[in-house]
$ cat entry38.pdb   # PDB, C-alpha atoms
ATOM      1  CA  MET A   1      22.041   4.583  -6.220
ATOM      2  CA  MET A   2      18.402   5.323  -5.573
ATOM      3  CA  SER A   3      16.898   8.653  -6.500
ATOM      4  CA  ASP A   4      15.017  10.899  -4.087
ATOM      5  CA  THR A   5      11.638   9.196  -3.680
ATOM      6  CA  LYS A   6       9.828  12.532  -3.755
ATOM      7  CA  THR A   7      10.767  12.992  -7.428
ATOM      8  CA  VAL A   8       9.333   9.634  -8.558
ATOM      9  CA  ASP A   9       6.002   9.969 -10.401
ATOM     10  CA  LEU A  10       3.482   7.658  -8.740
ATOM     11  CA  SER A  11       0.372   9.358 -10.126
ATOM     12  CA  LYS A  12      -0.608   6.200 -12.026
ATOM     13  CA  VAL A  13       0.408   3.701  -9.329
ATOM     14  CA  LYS A  14      -2.724   2.694  -7.446
ATOM     15  CA  PHE A  15      -3.240  -0.695  -5.841
ATOM     16  CA  SER A  16      -6.759  -2.045  -5.528
ATOM     17  CA  SER A  17      -6.258  -3.689  -2.136
ATOM     18  CA  THR A  18      -4.681  -2.557   1.095
ATOM     19  CA  VAL A  19      -4.833  -5.974   2.761
ATOM     20  CA  PHE A  20      -4.490  -8.843   0.279
ATOM     21  CA  PRO A  21      -2.769  -8.013  -3.018
ATOM     22  CA  THR A  22      -4.718  -9.126  -6.066
ATOM     23  CA  ASP A  23      -3.035 -10.725  -9.079
ATOM     24  CA  THR A  24      -3.303  -7.327 -10.777
ATOM     25  CA  ASP A  25      -1.664  -5.638  -7.779
ATOM     26  CA  MET A  26       1.186  -8.169  -7.848
ATOM     27  CA  LYS A  27       1.750  -7.628 -11.579
ATOM     28  CA  LEU A  28       1.797  -3.870 -11.014
ATOM     29  CA  TRP A  29       4.294  -4.213  -8.137
ATOM     30  CA  GLU A  30       6.540  -6.476 -10.187
ATOM     31  CA  SER A  31       6.483  -3.994 -13.086
ATOM     32  CA  LEU A  32       7.820  -1.154 -10.929
ATOM     33  CA  THR A  33      11.466  -0.159 -10.838
ATOM     34  CA  PRO A  34      13.332  -0.364  -7.523
ATOM     35  CA  GLU A  35      13.022   3.438  -7.237
ATOM     36  CA  GLN A  36       9.270   3.286  -7.789
ATOM     37  CA  ARG A  37       8.878   0.491  -5.231
ATOM     38  CA  LYS A  38      10.794   2.497  -2.633
ATOM     39  CA  ALA A  39       8.713   5.581  -3.438
ATOM     40  CA  VAL A  40       5.478   3.563  -3.002
ATOM     41  CA  GLU A  41       6.709   2.319   0.385
ATOM     42  CA  VAL A  42       7.587   5.844   1.496
ATOM     43  CA  ARG A  43       4.284   7.244   0.170
ATOM     44  CA  ASP A  44       2.225   4.609   1.956
ATOM     45  CA  GLU A  45       4.155   4.937   5.232
ATOM     46  CA  GLU A  46       3.760   8.728   5.197
ATOM     47  CA  GLU A  47       0.065   8.381   4.367
ATOM     48  CA  GLY A  48      -0.401   6.063   7.345
ATOM     49  CA  TYR A  49       1.582   8.299   9.672
ATOM     50  CA  ASN A  50      -0.286  11.417   8.584
ATOM     51  CA  SER A  51      -3.685   9.757   9.002
ATOM     52  CA  GLY A  52      -3.416  10.069  12.769
ATOM     53  CA  ILE A  53      -4.103   7.697  15.596
ATOM     54  CA  ALA A  54      -5.901   4.515  14.573
ATOM     55  CA  GLN A  55      -9.371   3.812  15.891
ATOM     56  CA  GLN A  56      -9.601   1.411  18.802
ATOM     57  CA  ARG A  57     -11.004  -1.835  17.377
ATOM     58  CA  SER A  58     -11.112  -5.389  18.566
ATOM     59  CA  MET A  59      -9.178  -8.169  16.866
ATOM     60  CA  GLN A  60     -12.496  -9.605  15.647
ATOM     61  CA  GLU A  61     -13.375  -6.303  13.988
ATOM     62  CA  LEU A  62      -9.966  -6.135  12.284
ATOM     63  CA  ILE A  63     -10.264  -9.716  11.022
ATOM     64  CA  ALA A  64     -13.790  -9.082   9.718
ATOM     65  CA  GLU A  65     -12.576  -5.968   7.890
ATOM     66  CA  ALA A  66      -9.663  -7.852   6.318
ATOM     67  CA  LYS A  67     -11.944 -10.708   5.228
ATOM     68  CA  ALA A  68     -14.464  -8.270   3.757
ATOM     69  CA  GLU A  69     -11.763  -6.525   1.752
ATOM     70  CA  LYS A  70     -10.369  -9.844   0.518
ATOM     71  CA  ASN A  71     -13.833 -10.817  -0.660
ATOM     72  CA  GLY A  72     -14.345  -7.507  -2.457
ATOM     73  CA  GLY A  73     -16.550  -5.875   0.107
TER
END
$ encode --input "entry38.pdb" --output "structure tokens"
Amino acid sequence: MMSDTKTVDLSKVKFSSTVFPTDTDMKLWESLTPEQRKAVEVRDEEEGYNSGIAQQRSMQELIAEAKAEKNGG
């Protein structure tokens, strides 16, 4: 049975990428317990929801942003 995700301490769980997971991100994810993984999913979904309506951008702009993040920029 999973615990309430709001009680899981994620203060030290920070991924470096929001688009393409790095090897370090993957190792961090794999080190988490099922409860921590669920809490990360809930945290990130709530963060996205609470951030408001997304800016209107073209597909080309989105692809360029994803490529820039993948390449460290």
$ atom_distance --input "entry38.pdb" --atom1 "CA of Lys38 in chain A" --atom2 "CA of Gln55 in chain A"
27.4 Å
$ residues_around --input "entry38.pdb" --residues "range 14-30 of chain A" --least-positions-apart "3" --cutoff "8 Å" --atoms "only C-alpha atoms" --output "PyMOL selection string"
chain A and resi 11+37+66+69-70
$ atom_distance --input "entry38.pdb" --atom1 "CA of Lys12 in chain A" --atom2 "CA of Leu62 in chain A"
28.8 Å
$ atom_distance --input "entry38.pdb" --atom1 "CA of Arg57 in chain A" --atom2 "CA of Glu41 in chain A"
24.9 Å
$ closest_residue --input "entry38.pdb" --among "A:Ala39, A:Gly72, A:Glu61, A:Pro34" --to "Val13 in chain A" --atoms "all atoms listed in the file"
A:Ala39
$ closest_residue --input "entry38.pdb" --among "A:Ala68, A:Val42, A:Ile63, A:Ala54" --to "Thr7 in chain A" --atoms "all atoms listed in the file"
A:Val42
$ closest_residue --input "entry38.pdb" --among "A:Gln56, A:Ser51, A:Gln36, A:Asn71" --to "Lys6 in chain A" --atoms "all atoms listed in the file"
A:Gln36
$ build_atoms --input "entry38.pdb" --residues "range 23-46 of chain A" --atoms "N, CA, C and O atoms" --output "short mmCIF file (atom, residue, chain, number, x, y, z; two decimals), in the coordinates of the input"
data_model
loop_
_atom_site.label_atom_id
_atom_site.label_comp_id
_atom_site.auth_asym_id
_atom_site.auth_seq_id
_atom_site.Cartn_x
_atom_site.Cartn_y
_atom_site.Cartn_z
N ASP A 23 -3.98 -10.38 -8.01
CA ASP A 23 -3.04 -10.72 -9.08
C ASP A 23 -2.62 -9.47 -9.85
O ASP A 23 -1.46 -9.30 -10.21
N THR A 24 -3.59 -8.58 -10.08
CA THR A 24 -3.30 -7.33 -10.78
C THR A 24 -2.34 -6.47 -9.97
O THR A 24 -1.41 -5.88 -10.52
N ASP A 25 -2.56 -6.40 -8.65
CA ASP A 25 -1.66 -5.64 -7.78
C ASP A 25 -0.25 -6.21 -7.84
O ASP A 25 0.74 -5.46 -7.90
N MET A 26 -0.14 -7.53 -7.81
CA MET A 26 1.19 -8.17 -7.85
C MET A 26 1.89 -7.89 -9.17
O MET A 26 3.10 -7.61 -9.19
N LYS A 27 1.16 -7.93 -10.27
CA LYS A 27 1.75 -7.63 -11.58
C LYS A 27 2.22 -6.17 -11.62
O LYS A 27 3.29 -5.88 -12.15
N LEU A 28 1.41 -5.28 -11.06
CA LEU A 28 1.80 -3.87 -11.01
C LEU A 28 3.07 -3.70 -10.19
O LEU A 28 4.02 -3.06 -10.64
N TRP A 29 3.12 -4.31 -9.00
CA TRP A 29 4.29 -4.21 -8.14
C TRP A 29 5.54 -4.73 -8.85
O TRP A 29 6.59 -4.11 -8.83
N GLU A 30 5.41 -5.87 -9.50
CA GLU A 30 6.54 -6.48 -10.19
C GLU A 30 7.00 -5.66 -11.39
O GLU A 30 8.15 -5.76 -11.81
N SER A 31 6.11 -4.83 -11.94
CA SER A 31 6.48 -3.99 -13.09
C SER A 31 7.22 -2.72 -12.68
O SER A 31 7.80 -2.05 -13.54
N LEU A 32 7.20 -2.39 -11.40
CA LEU A 32 7.82 -1.15 -10.93
C LEU A 32 9.34 -1.30 -10.84
O LEU A 32 9.86 -2.38 -10.55
N THR A 33 10.02 -0.19 -11.02
CA THR A 33 11.47 -0.16 -10.84
C THR A 33 11.76 -0.15 -9.34
O THR A 33 10.87 0.16 -8.53
N PRO A 34 12.99 -0.45 -8.95
CA PRO A 34 13.33 -0.36 -7.52
C PRO A 34 13.05 1.02 -6.94
O PRO A 34 12.58 1.13 -5.80
N GLU A 35 13.28 2.08 -7.72
CA GLU A 35 13.02 3.44 -7.24
C GLU A 35 11.53 3.65 -7.01
O GLU A 35 11.12 4.28 -6.04
N GLN A 36 10.71 3.14 -7.94
CA GLN A 36 9.27 3.29 -7.79
C GLN A 36 8.77 2.49 -6.59
O GLN A 36 7.92 2.98 -5.84
N ARG A 37 9.29 1.29 -6.39
CA ARG A 37 8.88 0.49 -5.23
C ARG A 37 9.20 1.21 -3.93
O ARG A 37 8.38 1.26 -3.02
N LYS A 38 10.40 1.77 -3.84
CA LYS A 38 10.79 2.50 -2.63
C LYS A 38 9.88 3.71 -2.44
O LYS A 38 9.45 4.00 -1.32
N ALA A 39 9.58 4.40 -3.52
CA ALA A 39 8.71 5.58 -3.44
C ALA A 39 7.31 5.18 -2.98
O ALA A 39 6.68 5.91 -2.20
N VAL A 40 6.79 4.05 -3.45
CA VAL A 40 5.48 3.56 -3.00
C VAL A 40 5.52 3.28 -1.51
O VAL A 40 4.61 3.66 -0.76
N GLU A 41 6.58 2.62 -1.04
CA GLU A 41 6.71 2.32 0.38
C GLU A 41 6.72 3.60 1.21
O GLU A 41 6.03 3.70 2.22
N VAL A 42 7.50 4.57 0.78
CA VAL A 42 7.59 5.84 1.50
C VAL A 42 6.24 6.56 1.48
O VAL A 42 5.76 7.04 2.50
N ARG A 43 5.60 6.59 0.30
CA ARG A 43 4.28 7.24 0.17
C ARG A 43 3.27 6.62 1.13
O ARG A 43 2.56 7.32 1.85
N ASP A 44 3.22 5.29 1.13
CA ASP A 44 2.22 4.61 1.96
C ASP A 44 2.52 4.75 3.45
O ASP A 44 1.60 4.91 4.26
N GLU A 45 3.80 4.73 3.82
CA GLU A 45 4.16 4.94 5.23
C GLU A 45 3.79 6.34 5.68
O GLU A 45 3.24 6.54 6.77
N GLU A 46 4.09 7.34 4.85
CA GLU A 46 3.76 8.73 5.20
C GLU A 46 2.25 8.92 5.28
O GLU A 46 1.76 9.62 6.16
#
